[in-house]
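Source file coords34.pdb; content: PDB, N, CA and C atoms.
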ATOM      1  N   ASP A  42       5.125  11.481 -65.527
ATOM      2  CA  ASP A  42       5.903  12.367 -66.389
ATOM      3  C   ASP A  42       5.675  13.821 -65.957
ATOM      4  N   LYS A  43       6.788  14.543 -65.814
ATOM      5  CA  LYS A  43       6.735  15.916 -65.312
ATOM      6  C   LYS A  43       5.885  16.822 -66.205
ATOM      7  N   HIS A  44       6.064  16.701 -67.510
ATOM      8  CA  HIS A  44       5.340  17.584 -68.428
ATOM      9  C   HIS A  44       3.834  17.333 -68.382
ATOM     10  N   ALA A  45       3.464  16.077 -68.220
ATOM     11  CA  ALA A  45       2.039  15.732 -68.108
ATOM     12  C   ALA A  45       1.450  16.353 -66.841
ATOM     13  N   ALA A  46       2.212  16.317 -65.757
ATOM     14  CA  ALA A  46       1.749  16.891 -64.488
ATOM     15  C   ALA A  46       1.559  18.400 -64.631
ATOM     16  N   ILE A  47       2.499  19.068 -65.289
ATOM     17  CA  ILE A  47       2.402  20.521 -65.476
ATOM     18  C   ILE A  47       1.225  20.852 -66.395
ATOM     19  N   GLU A  48       1.048  20.073 -67.438
ATOM     20  CA  GLU A  48      -0.081  20.303 -68.351
ATOM     21  C   GLU A  48      -1.410  20.143 -67.607
ATOM     22  N   LYS A  49      -1.471  19.126 -66.757
ATOM     23  CA  LYS A  49      -2.671  18.884 -65.952
ATOM     24  C   LYS A  49      -2.900  20.052 -64.984
ATOM     25  N   ALA A  50      -1.828  20.551 -64.384
ATOM     26  CA  ALA A  50      -1.916  21.692 -63.466
ATOM     27  C   ALA A  50      -2.391  22.936 -64.223
ATOM     28  N   ARG A  51      -1.856  23.163 -65.414
ATOM     29  CA  ARG A  51      -2.250  24.331 -66.208
ATOM     30  C   ARG A  51      -3.737  24.267 -66.568
ATOM     31  N   GLN A  52      -4.188  23.098 -66.984
ATOM     32  CA  GLN A  52      -5.605  22.930 -67.323
ATOM     33  C   GLN A  52      -6.487  23.171 -66.105
ATOM     34  N   TYR A  53      -6.030  22.708 -64.951
ATOM     35  CA  TYR A  53      -6.783  22.891 -63.706
ATOM     36  C   TYR A  53      -6.946  24.377 -63.400
ATOM     37  N   VAL A  54      -5.860  25.141 -63.565
ATOM     38  CA  VAL A  54      -5.899  26.580 -63.332
ATOM     39  C   VAL A  54      -6.872  27.251 -64.309
ATOM     40  N   VAL A  55      -6.778  26.909 -65.578
ATOM     41  CA  VAL A  55      -7.655  27.504 -66.596
ATOM     42  C   VAL A  55      -9.122  27.191 -66.285
ATOM     43  N   GLN A  56      -9.407  25.946 -65.940
ATOM     44  CA  GLN A  56     -10.787  25.539 -65.648
ATOM     45  C   GLN A  56     -11.322  26.183 -64.374
ATOM     46  N   ASN A  57     -10.418  26.640 -63.506
ATOM     47  CA  ASN A  57     -10.832  27.240 -62.233
ATOM     48  C   ASN A  57     -10.479  28.722 -62.148
ATOM     49  N   ALA A  58     -10.340  29.377 -63.301
ATOM     50  CA  ALA A  58      -9.953  30.795 -63.342
ATOM     51  C   ALA A  58     -10.997  31.688 -62.668
ATOM     52  N   PHE A  59     -12.177  31.157 -62.442
ATOM     53  CA  PHE A  59     -13.256  31.933 -61.805
ATOM     54  C   PHE A  59     -13.090  32.021 -60.295
ATOM     55  N   ARG A  60     -12.011  31.418 -59.754
ATOM     56  CA  ARG A  60     -11.805  31.505 -58.310
ATOM     57  C   ARG A  60     -10.317  31.524 -57.999
ATOM     58  N   ASP A  61      -9.992  31.763 -56.749
ATOM     59  CA  ASP A  61      -8.609  31.832 -56.307
ATOM     60  C   ASP A  61      -8.123  30.424 -55.989
ATOM     61  N   VAL A  62      -7.452  29.799 -56.937
ATOM     62  CA  VAL A  62      -6.970  28.430 -56.775
ATOM     63  C   VAL A  62      -5.626  28.469 -56.055
ATOM     64  N   SER A  63      -5.449  27.609 -55.073
ATOM     65  CA  SER A  63      -4.171  27.611 -54.363
ATOM     66  C   SER A  63      -3.188  26.633 -55.003
ATOM     67  N   LEU A  64      -1.907  26.916 -54.777
ATOM     68  CA  LEU A  64      -0.841  26.005 -55.208
ATOM     69  C   LEU A  64      -1.042  24.646 -54.541
ATOM     70  N   GLN A  65      -1.396  24.675 -53.247
ATOM     71  CA  GLN A  65      -1.614  23.451 -52.462
ATOM     72  C   GLN A  65      -2.675  22.558 -53.110
ATOM     73  N   GLU A  66      -3.832  23.140 -53.431
ATOM     74  CA  GLU A  66      -4.901  22.303 -53.991
ATOM     75  C   GLU A  66      -4.549  21.814 -55.391
ATOM     76  N   THR A  67      -3.827  22.627 -56.160
ATOM     77  CA  THR A  67      -3.410  22.212 -57.502
ATOM     78  C   THR A  67      -2.396  21.077 -57.402
ATOM     79  N   ALA A  68      -1.479  21.191 -56.451
ATOM     80  CA  ALA A  68      -0.478  20.137 -56.228
ATOM     81  C   ALA A  68      -1.159  18.825 -55.843
ATOM     82  N   GLU A  69      -2.155  18.912 -54.977
ATOM     83  CA  GLU A  69      -2.905  17.709 -54.588
ATOM     84  C   GLU A  69      -3.602  17.107 -55.802
ATOM     85  N   PHE A  70      -4.168  17.968 -56.646
ATOM     86  CA  PHE A  70      -4.879  17.512 -57.840
ATOM     87  C   PHE A  70      -3.953  16.734 -58.787
ATOM     88  N   VAL A  71      -2.722  17.201 -58.936
ATOM     89  CA  VAL A  71      -1.795  16.523 -59.852
ATOM     90  C   VAL A  71      -0.896  15.507 -59.153
ATOM     91  N   GLY A  72      -0.986  15.430 -57.823
ATOM     92  CA  GLY A  72      -0.234  14.424 -57.070
ATOM     93  C   GLY A  72       1.234  14.761 -56.864
ATOM     94  N   LEU A  73       1.541  16.049 -56.715
ATOM     95  CA  LEU A  73       2.924  16.460 -56.441
ATOM     96  C   LEU A  73       2.978  17.293 -55.171
ATOM     97  N   HIS A  74       4.161  17.351 -54.566
ATOM     98  CA  HIS A  74       4.372  18.225 -53.406
ATOM     99  C   HIS A  74       4.300  19.673 -53.904
ATOM    100  N   PRO A  75       3.635  20.572 -53.162
ATOM    101  CA  PRO A  75       3.492  21.964 -53.605
ATOM    102  C   PRO A  75       4.824  22.649 -53.968
ATOM    103  N   ALA A  76       5.858  22.443 -53.136
ATOM    104  CA  ALA A  76       7.155  23.082 -53.418
ATOM    105  C   ALA A  76       7.739  22.554 -54.729
ATOM    106  N   TYR A  77       7.588  21.260 -54.965
ATOM    107  CA  TYR A  77       8.102  20.647 -56.192
ATOM    108  C   TYR A  77       7.302  21.151 -57.400
ATOM    109  N   LEU A  78       5.989  21.215 -57.257
ATOM    110  CA  LEU A  78       5.153  21.724 -58.350
ATOM    111  C   LEU A  78       5.557  23.152 -58.691
ATOM    112  N   SER A  79       5.814  23.953 -57.667
ATOM    113  CA  SER A  79       6.192  25.343 -57.855
ATOM    114  C   SER A  79       7.466  25.467 -58.691
ATOM    115  N   VAL A  80       8.478  24.703 -58.340
ATOM    116  CA  VAL A  80       9.759  24.718 -59.057
ATOM    117  C   VAL A  80       9.568  24.213 -60.487
ATOM    118  N   LEU A  81       8.885  23.113 -60.611
ATOM    119  CA  LEU A  81       8.631  22.485 -61.908
ATOM    120  C   LEU A  81       7.823  23.412 -62.819
ATOM    121  N   PHE A  82       6.867  24.084 -62.237
ATOM    122  CA  PHE A  82       5.997  24.989 -62.996
ATOM    123  C   PHE A  82       6.829  26.102 -63.613
ATOM    124  N   LYS A  83       7.675  26.720 -62.801
ATOM    125  CA  LYS A  83       8.522  27.821 -63.262
ATOM    126  C   LYS A  83       9.507  27.324 -64.329
ATOM    127  N   GLU A  84      10.102  26.155 -64.087
ATOM    128  CA  GLU A  84      11.049  25.546 -65.026
ATOM    129  C   GLU A  84      10.395  25.285 -66.381
ATOM    130  N   THR A  85       9.189  24.757 -66.346
ATOM    131  CA  THR A  85       8.507  24.320 -67.564
ATOM    132  C   THR A  85       7.845  25.457 -68.326
ATOM    133  N   THR A  86       7.224  26.392 -67.592
ATOM    134  CA  THR A  86       6.423  27.421 -68.263
ATOM    135  C   THR A  86       7.118  28.781 -68.340
ATOM    136  N   GLY A  87       8.136  28.987 -67.506
ATOM    137  CA  GLY A  87       8.791  30.294 -67.449
ATOM    138  C   GLY A  87       8.043  31.292 -66.579
ATOM    139  N   GLU A  88       6.925  30.867 -66.027
ATOM    140  CA  GLU A  88       6.122  31.707 -65.131
ATOM    141  C   GLU A  88       5.994  31.001 -63.797
ATOM    142  N   THR A  89       5.846  31.776 -62.721
ATOM    143  CA  THR A  89       5.540  31.140 -61.443
ATOM    144  C   THR A  89       4.072  30.701 -61.497
ATOM    145  N   PHE A  90       3.707  29.844 -60.576
ATOM    146  CA  PHE A  90       2.314  29.396 -60.489
ATOM    147  C   PHE A  90       1.381  30.592 -60.341
ATOM    148  N   ILE A  91       1.754  31.531 -59.439
ATOM    149  CA  ILE A  91       0.913  32.707 -59.178
ATOM    150  C   ILE A  91       0.803  33.593 -60.419
ATOM    151  N   GLN A  92       1.895  33.769 -61.140
ATOM    152  CA  GLN A  92       1.850  34.571 -62.374
ATOM    153  C   GLN A  92       0.888  33.940 -63.381
ATOM    154  N   TYR A  93       0.971  32.624 -63.513
ATOM    155  CA  TYR A  93       0.107  31.917 -64.462
ATOM    156  C   TYR A  93      -1.362  32.031 -64.037
ATOM    157  N   LEU A  94      -1.613  31.820 -62.748
ATOM    158  CA  LEU A  94      -2.965  31.922 -62.210
ATOM    159  C   LEU A  94      -3.520  33.336 -62.425
ATOM    160  N   THR A  95      -2.729  34.331 -62.081
ATOM    161  CA  THR A  95      -3.174  35.722 -62.219
ATOM    162  C   THR A  95      -3.446  36.062 -63.675
ATOM    163  N   ARG A  96      -2.553  35.638 -64.575
ATOM    164  CA  ARG A  96      -2.742  35.924 -66.001
ATOM    165  C   ARG A  96      -4.070  35.324 -66.498
ATOM    166  N   ASN A  97      -4.360  34.106 -66.099
ATOM    167  CA  ASN A  97      -5.609  33.477 -66.520
ATOM    168  C   ASN A  97      -6.827  34.199 -65.960
ATOM    169  N   ARG A  98      -6.746  34.614 -64.701
ATOM    170  CA  ARG A  98      -7.861  35.336 -64.081
ATOM    171  C   ARG A  98      -8.043  36.707 -64.731
ATOM    172  N   MET A  99      -6.942  37.380 -65.068
ATOM    173  CA  MET A  99      -7.025  38.707 -65.688
ATOM    174  C   MET A  99      -7.543  38.622 -67.128
ATOM    175  N   GLU A 100      -7.150  37.581 -67.851
ATOM    176  CA  GLU A 100      -7.659  37.403 -69.220
ATOM    177  C   GLU A 100      -9.169  37.141 -69.195
ATOM    178  N   LEU A 101      -9.611  36.355 -68.229
ATOM    179  CA  LEU A 101     -11.049  36.115 -68.062
ATOM    180  C   LEU A 101     -11.742  37.428 -67.709
ATOM    181  N   ALA A 102     -11.146  38.202 -66.813
ATOM    182  CA  ALA A 102     -11.716  39.500 -66.421
ATOM    183  C   ALA A 102     -11.835  40.417 -67.634
ATOM    184  N   LYS A 103     -10.801  40.448 -68.476
ATOM    185  CA  LYS A 103     -10.835  41.297 -69.668
ATOM    186  C   LYS A 103     -12.001  40.904 -70.579
ATOM    187  N   SER A 104     -12.202  39.617 -70.769
ATOM    188  CA  SER A 104     -13.301  39.191 -71.645
ATOM    189  C   SER A 104     -14.661  39.562 -71.047
ATOM    190  N   LEU A 105     -14.790  39.485 -69.717
ATOM    191  CA  LEU A 105     -16.042  39.865 -69.064
ATOM    192  C   LEU A 105     -16.263  41.376 -69.140
ATOM    193  N   LEU A 106     -15.188  42.148 -68.982
ATOM    194  CA  LEU A 106     -15.307  43.612 -69.085
ATOM    195  C   LEU A 106     -15.665  44.025 -70.510
ATOM    196  N   ARG A 107     -15.140  43.311 -71.494
ATOM    197  CA  ARG A 107     -15.484  43.607 -72.895
ATOM    198  C   ARG A 107     -16.973  43.402 -73.148
ATOM    199  N   LYS A 108     -17.580  42.519 -72.361
ATOM    200  CA  LYS A 108     -19.028  42.289 -72.478
ATOM    201  C   LYS A 108     -19.834  43.362 -71.762
ATOM    202  N   GLY A 109     -19.130  44.249 -71.027
ATOM    203  CA  GLY A 109     -19.803  45.356 -70.356
ATOM    204  C   GLY A 109     -20.284  45.071 -68.948
ATOM    205  N   LEU A 110     -19.804  43.991 -68.338
ATOM    206  CA  LEU A 110     -20.237  43.663 -66.974
ATOM    207  C   LEU A 110     -19.725  44.690 -65.965
ATOM    208  N   LYS A 111     -20.442  44.806 -64.864
ATOM    209  CA  LYS A 111     -20.027  45.691 -63.769
ATOM    210  C   LYS A 111     -18.732  45.174 -63.174
ATOM    211  N   ILE A 112     -17.903  46.101 -62.707
ATOM    212  CA  ILE A 112     -16.604  45.741 -62.148
ATOM    213  C   ILE A 112     -16.753  44.824 -60.941
ATOM    214  N   SER A 113     -17.713  45.113 -60.068
ATOM    215  CA  SER A 113     -17.908  44.262 -58.883
ATOM    216  C   SER A 113     -18.280  42.836 -59.295
ATOM    217  N   GLU A 114     -19.053  42.722 -60.370
ATOM    218  CA  GLU A 114     -19.461  41.400 -60.857
ATOM    219  C   GLU A 114     -18.270  40.656 -61.461
ATOM    220  N   VAL A 115     -17.459  41.379 -62.228
ATOM    221  CA  VAL A 115     -16.268  40.777 -62.832
ATOM    222  C   VAL A 115     -15.315  40.312 -61.731
ATOM    223  N   SER A 116     -15.091  41.172 -60.751
ATOM    224  CA  SER A 116     -14.220  40.857 -59.624
ATOM    225  C   SER A 116     -14.663  39.552 -58.970
ATOM    226  N   ASP A 117     -15.951  39.448 -58.722
ATOM    227  CA  ASP A 117     -16.540  38.260 -58.119
ATOM    228  C   ASP A 117     -16.357  37.028 -59.010
ATOM    229  N   ARG A 118     -16.602  37.200 -60.303
ATOM    230  CA  ARG A 118     -16.534  36.070 -61.241
ATOM    231  C   ARG A 118     -15.128  35.543 -61.483
ATOM    232  N   VAL A 119     -14.112  36.335 -61.172
ATOM    233  CA  VAL A 119     -12.740  35.840 -61.323
ATOM    234  C   VAL A 119     -12.095  35.557 -59.957
ATOM    235  N   GLY A 120     -12.931  35.463 -58.932
ATOM    236  CA  GLY A 120     -12.481  34.961 -57.641
ATOM    237  C   GLY A 120     -11.856  35.966 -56.696
ATOM    238  N   TYR A 121     -12.103  37.255 -56.912
ATOM    239  CA  TYR A 121     -11.595  38.261 -55.966
ATOM    240  C   TYR A 121     -12.740  38.678 -55.060
ATOM    241  N   MET A 122     -12.540  38.526 -53.760
ATOM    242  CA  MET A 122     -13.580  38.901 -52.801
ATOM    243  C   MET A 122     -13.675  40.419 -52.679
ATOM    244  N   ASN A 123     -12.556  41.095 -52.932
ATOM    245  CA  ASN A 123     -12.475  42.535 -52.740
ATOM    246  C   ASN A 123     -12.283  43.233 -54.089
ATOM    247  N   PRO A 124     -13.312  43.942 -54.587
ATOM    248  CA  PRO A 124     -13.200  44.617 -55.885
ATOM    249  C   PRO A 124     -12.032  45.606 -55.960
ATOM    250  N   ARG A 125     -11.690  46.240 -54.836
ATOM    251  CA  ARG A 125     -10.567  47.180 -54.849
ATOM    252  C   ARG A 125      -9.255  46.443 -55.130
ATOM    253  N   HIS A 126      -9.081  45.310 -54.462
ATOM    254  CA  HIS A 126      -7.869  44.503 -54.695
ATOM    255  C   HIS A 126      -7.837  44.025 -56.150
ATOM    256  N   PHE A 127      -8.978  43.583 -56.646
ATOM    257  CA  PHE A 127      -9.069  43.174 -58.049
ATOM    258  C   PHE A 127      -8.619  44.310 -58.954
ATOM    259  N   GLY A 128      -9.105  45.514 -58.676
ATOM    260  CA  GLY A 128      -8.749  46.685 -59.482
ATOM    261  C   GLY A 128      -7.255  46.952 -59.493
ATOM    262  N   GLU A 129      -6.617  46.782 -58.335
ATOM    263  CA  GLU A 129      -5.166  46.992 -58.233
ATOM    264  C   GLU A 129      -4.403  45.961 -59.059
ATOM    265  N   VAL A 130      -4.805  44.704 -58.945
ATOM    266  CA  VAL A 130      -4.145  43.632 -59.696
ATOM    267  C   VAL A 130      -4.367  43.844 -61.196
ATOM    268  N   PHE A 131      -5.598  44.187 -61.559
ATOM    269  CA  PHE A 131      -5.937  44.412 -62.968
ATOM    270  C   PHE A 131      -5.093  45.542 -63.545
ATOM    271  N   LYS A 132      -4.951  46.621 -62.787
ATOM    272  CA  LYS A 132      -4.176  47.775 -63.266
ATOM    273  C   LYS A 132      -2.700  47.415 -63.432
ATOM    274  N   ARG A 133      -2.157  46.654 -62.480
ATOM    275  CA  ARG A 133      -0.766  46.198 -62.610
ATOM    276  C   ARG A 133      -0.603  45.341 -63.859
ATOM    277  N   TYR A 134      -1.595  44.524 -64.132
ATOM    278  CA  TYR A 134      -1.526  43.582 -65.248
ATOM    279  C   TYR A 134      -1.723  44.271 -66.603
ATOM    280  N   THR A 135      -2.668  45.202 -66.694
ATOM    281  CA  THR A 135      -3.026  45.785 -67.993
ATOM    282  C   THR A 135      -2.548  47.222 -68.187
ATOM    283  N   GLY A 136      -2.224  47.902 -67.081
ATOM    284  CA  GLY A 136      -1.834  49.304 -67.178
ATOM    285  C   GLY A 136      -3.015  50.256 -67.131
ATOM    286  N   MET A 137      -4.217  49.715 -66.972
ATOM    287  CA  MET A 137      -5.403  50.574 -66.821
ATOM    288  C   MET A 137      -6.345  49.973 -65.806
ATOM    289  N   THR A 138      -7.255  50.795 -65.307
ATOM    290  CA  THR A 138      -8.215  50.291 -64.332
ATOM    291  C   THR A 138      -9.262  49.458 -65.069
ATOM    292  N   PRO A 139      -9.982  48.609 -64.338
ATOM    293  CA  PRO A 139     -11.060  47.849 -64.984
ATOM    294  C   PRO A 139     -12.079  48.772 -65.665
ATOM    295  N   GLY A 140     -12.380  49.906 -65.021
ATOM    296  CA  GLY A 140     -13.333  50.866 -65.597
ATOM    297  C   GLY A 140     -12.836  51.449 -66.911
ATOM    298  N   GLN A 141     -11.562  51.824 -66.942
ATOM    299  CA  GLN A 141     -10.974  52.365 -68.172
ATOM    300  C   GLN A 141     -10.995  51.314 -69.275
ATOM    301  N   TYR A 142     -10.681  50.081 -68.907
ATOM    302  CA  TYR A 142     -10.664  48.995 -69.892
ATOM    303  C   TYR A 142     -12.071  48.774 -70.455
ATOM    304  N   ARG A 143     -13.043  48.690 -69.568
ATOM    305  CA  ARG A 143     -14.426  48.471 -70.006
ATOM    306  C   ARG A 143     -14.908  49.628 -70.874
ATOM    307  N   ASP A 144     -14.586  50.858 -70.452
ATOM    308  CA  ASP A 144     -15.038  52.043 -71.198
ATOM    309  C   ASP A 144     -14.419  52.131 -72.584
ATOM    310  N   ALA A 145     -13.231  51.537 -72.748
ATOM    311  CA  ALA A 145     -12.611  51.520 -74.076
ATOM    312  C   ALA A 145     -13.441  50.673 -75.035
ATOM    313  N   TRP A 146     -14.149  49.680 -74.480
ATOM    314  CA  TRP A 146     -14.997  48.795 -75.296
ATOM    315  C   TRP A 146     -16.443  49.281 -75.324
ATOM    316  N   HIS A 147     -16.858  49.964 -74.284
ATOM    317  CA  HIS A 147     -18.241  50.428 -74.145
ATOM    318  C   HIS A 147     -18.225  51.897 -73.743
ATOM    319  N   PRO A 148     -17.862  52.793 -74.683
ATOM    320  CA  PRO A 148     -17.699  54.209 -74.332
ATOM    321  C   PRO A 148     -18.914  54.849 -73.671
ATOM    322  N   SER A 149     -20.096  54.351 -73.970
ATOM    323  CA  SER A 149     -21.305  54.999 -73.446
ATOM    324  C   SER A 149     -21.710  54.518 -72.053
ATOM    325  N   SER A 150     -21.122  53.410 -71.576
ATOM    326  CA  SER A 150     -21.602  52.853 -70.295
ATOM    327  C   SER A 150     -21.052  53.584 -69.092
TER
END

Structure translated into structure tokens:
Amino acid sequence: DKHAAIEKARQYVVQNAFRDVSLQETAEFVGLHPAYLSVLFKETTGETFIQYLTRNRMELAKSLLRKGLKISEVSDRVGYMNPRHFGEVFKRYTGMTPGQYRDAWHPSS
């Protein structure tokens, strides 16, 4: 069933939000061709696979920043090898830098 496959793919992404999960490996996990999973994912969720993956990683990053973790540590924990790239993605997603976001929760840090 298509919906079961998408639900399984979504859970896989959420459970692996701490790293950069590929469409290929997710497709293998749910037993679908990557191109088919991609189309099905967008059809079912309204988001592309990458949008969904990024949103989950950014939400995890936000919760870690609220705890006051260092940006380099947060970047690492959500699967970005390059903290600068993480910062760019985070800013596109939230409208502020990771530092600004963290400082809003921890003004003194």

Inset, instruction - Would you mind telling me which residue in A:Tyr121, A:Phe131, A:His147, A:Gln92 lies nearest to Gly109 in chain A when using all atoms listed in the file? - result: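 For Gly109 in chain A, the nearest of the given residues is A:His147.
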
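Residues surrounding Ile112 in chain A within 7 Å are Gly109, Val115, Ser116, Asp117, Pro124, Pro139 and Gly140 of chain A [all atoms listed in the file; sequence separation below 3 positions excluded].
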
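Those residues that approach range 61-78 of chain A to within 8 Å, counting all atoms listed in the file, are A:Ala45, A:Ala46, A:Ile47, A:Lys49, A:Ala50, A:Tyr53, A:Val54, A:Asn57, A:Phe82, A:Lys83, A:Glu84, A:Phe90, A:Ile91, A:Leu94, A:Arg118, A:Val119, A:Gly120, A:Tyr121, A:Met122; same-chain residues fewer than 4 positions away are not listed.
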
Let's have the selection written as a CSV table (one decimal), keeping the file's coordinate frame, with N, CA and C atoms.
chain,number,residue,atom,x,y,z
A,45,ALA,N,3.5,16.1,-68.2
A,45,ALA,CA,2.0,15.7,-68.1
A,45,ALA,C,1.4,16.4,-66.8
A,46,ALA,N,2.2,16.3,-65.8
A,46,ALA,CA,1.7,16.9,-64.5
A,46,ALA,C,1.6,18.4,-64.6
A,47,ILE,N,2.5,19.1,-65.3
A,47,ILE,CA,2.4,20.5,-65.5
A,47,ILE,C,1.2,20.9,-66.4
A,49,LYS,N,-1.5,19.1,-66.8
A,49,LYS,CA,-2.7,18.9,-66.0
A,49,LYS,C,-2.9,20.1,-65.0
A,50,ALA,N,-1.8,20.6,-64.4
A,50,ALA,CA,-1.9,21.7,-63.5
A,50,ALA,C,-2.4,22.9,-64.2
A,53,TYR,N,-6.0,22.7,-65.0
A,53,TYR,CA,-6.8,22.9,-63.7
A,53,TYR,C,-6.9,24.4,-63.4
A,54,VAL,N,-5.9,25.1,-63.6
A,54,VAL,CA,-5.9,26.6,-63.3
A,54,VAL,C,-6.9,27.3,-64.3
A,57,ASN,N,-10.4,26.6,-63.5
A,57,ASN,CA,-10.8,27.2,-62.2
A,57,ASN,C,-10.5,28.7,-62.1
A,82,PHE,N,6.9,24.1,-62.2
A,82,PHE,CA,6.0,25.0,-63.0
A,82,PHE,C,6.8,26.1,-63.6
A,83,LYS,N,7.7,26.7,-62.8
A,83,LYS,CA,8.5,27.8,-63.3
A,83,LYS,C,9.5,27.3,-64.3
A,84,GLU,N,10.1,26.2,-64.1
A,84,GLU,CA,11.0,25.5,-65.0
A,84,GLU,C,10.4,25.3,-66.4
A,90,PHE,N,3.7,29.8,-60.6
A,90,PHE,CA,2.3,29.4,-60.5
A,90,PHE,C,1.4,30.6,-60.3
A,91,ILE,N,1.8,31.5,-59.4
A,91,ILE,CA,0.9,32.7,-59.2
A,91,ILE,C,0.8,33.6,-60.4
A,94,LEU,N,-1.6,31.8,-62.7
A,94,LEU,CA,-3.0,31.9,-62.2
A,94,LEU,C,-3.5,33.3,-62.4
A,118,ARG,N,-16.6,37.2,-60.3
A,118,ARG,CA,-16.5,36.1,-61.2
A,118,ARG,C,-15.1,35.5,-61.5
A,119,VAL,N,-14.1,36.3,-61.2
A,119,VAL,CA,-12.7,35.8,-61.3
A,119,VAL,C,-12.1,35.6,-60.0
A,120,GLY,N,-12.9,35.5,-58.9
A,120,GLY,CA,-12.5,35.0,-57.6
A,120,GLY,C,-11.9,36.0,-56.7
A,121,TYR,N,-12.1,37.3,-56.9
A,121,TYR,CA,-11.6,38.3,-56.0
A,121,TYR,C,-12.7,38.7,-55.1
A,122,MET,N,-12.5,38.5,-53.8
A,122,MET,CA,-13.6,38.9,-52.8
A,122,MET,C,-13.7,40.4,-52.7

Legend entry - One-decimal distance in Å that lies between CA of His126 in chain A and CA of Glu88 in chain A: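 Rounded to one decimal, the two atoms are 21.6 Å apart.
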
Inset, instruction - Please indicate the distance in Å from CA of Pro148 in chain A to CA of Glu129 in chain A, rounded to one decimal place. - result: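 That distance, rounded to one decimal, is 21.6 Å.
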
Inset, instruction - Please indicate the distance in Å from CA of Lys43 in chain A to atom C of Val55 in chain A, rounded to one decimal place. - result: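 Interatomic distance, CA of Lys43 in chain A to atom C of Val55 in chain A: 19.5 Å.
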
Each side padded by 4 Å, which centre and which edge lengths in Å (one decimal) define the axis-aligned box around the listed atoms of range 128-140 of chain A? Give them as AutoDock Vina command-line options.
--center_x -7.0 --center_y 47.5 --center_z -63.2 --size_x 20.7 --size_y 15.9 --size_z 18.0

Inset, instruction - Output as a PyMOL selection string all residues of range 52-130 of chain A that backbone DSSP marks as alpha helix (DSSP H). - result: chain A and resi 52-56+64-71+75-86+90-107+112-118+124-130
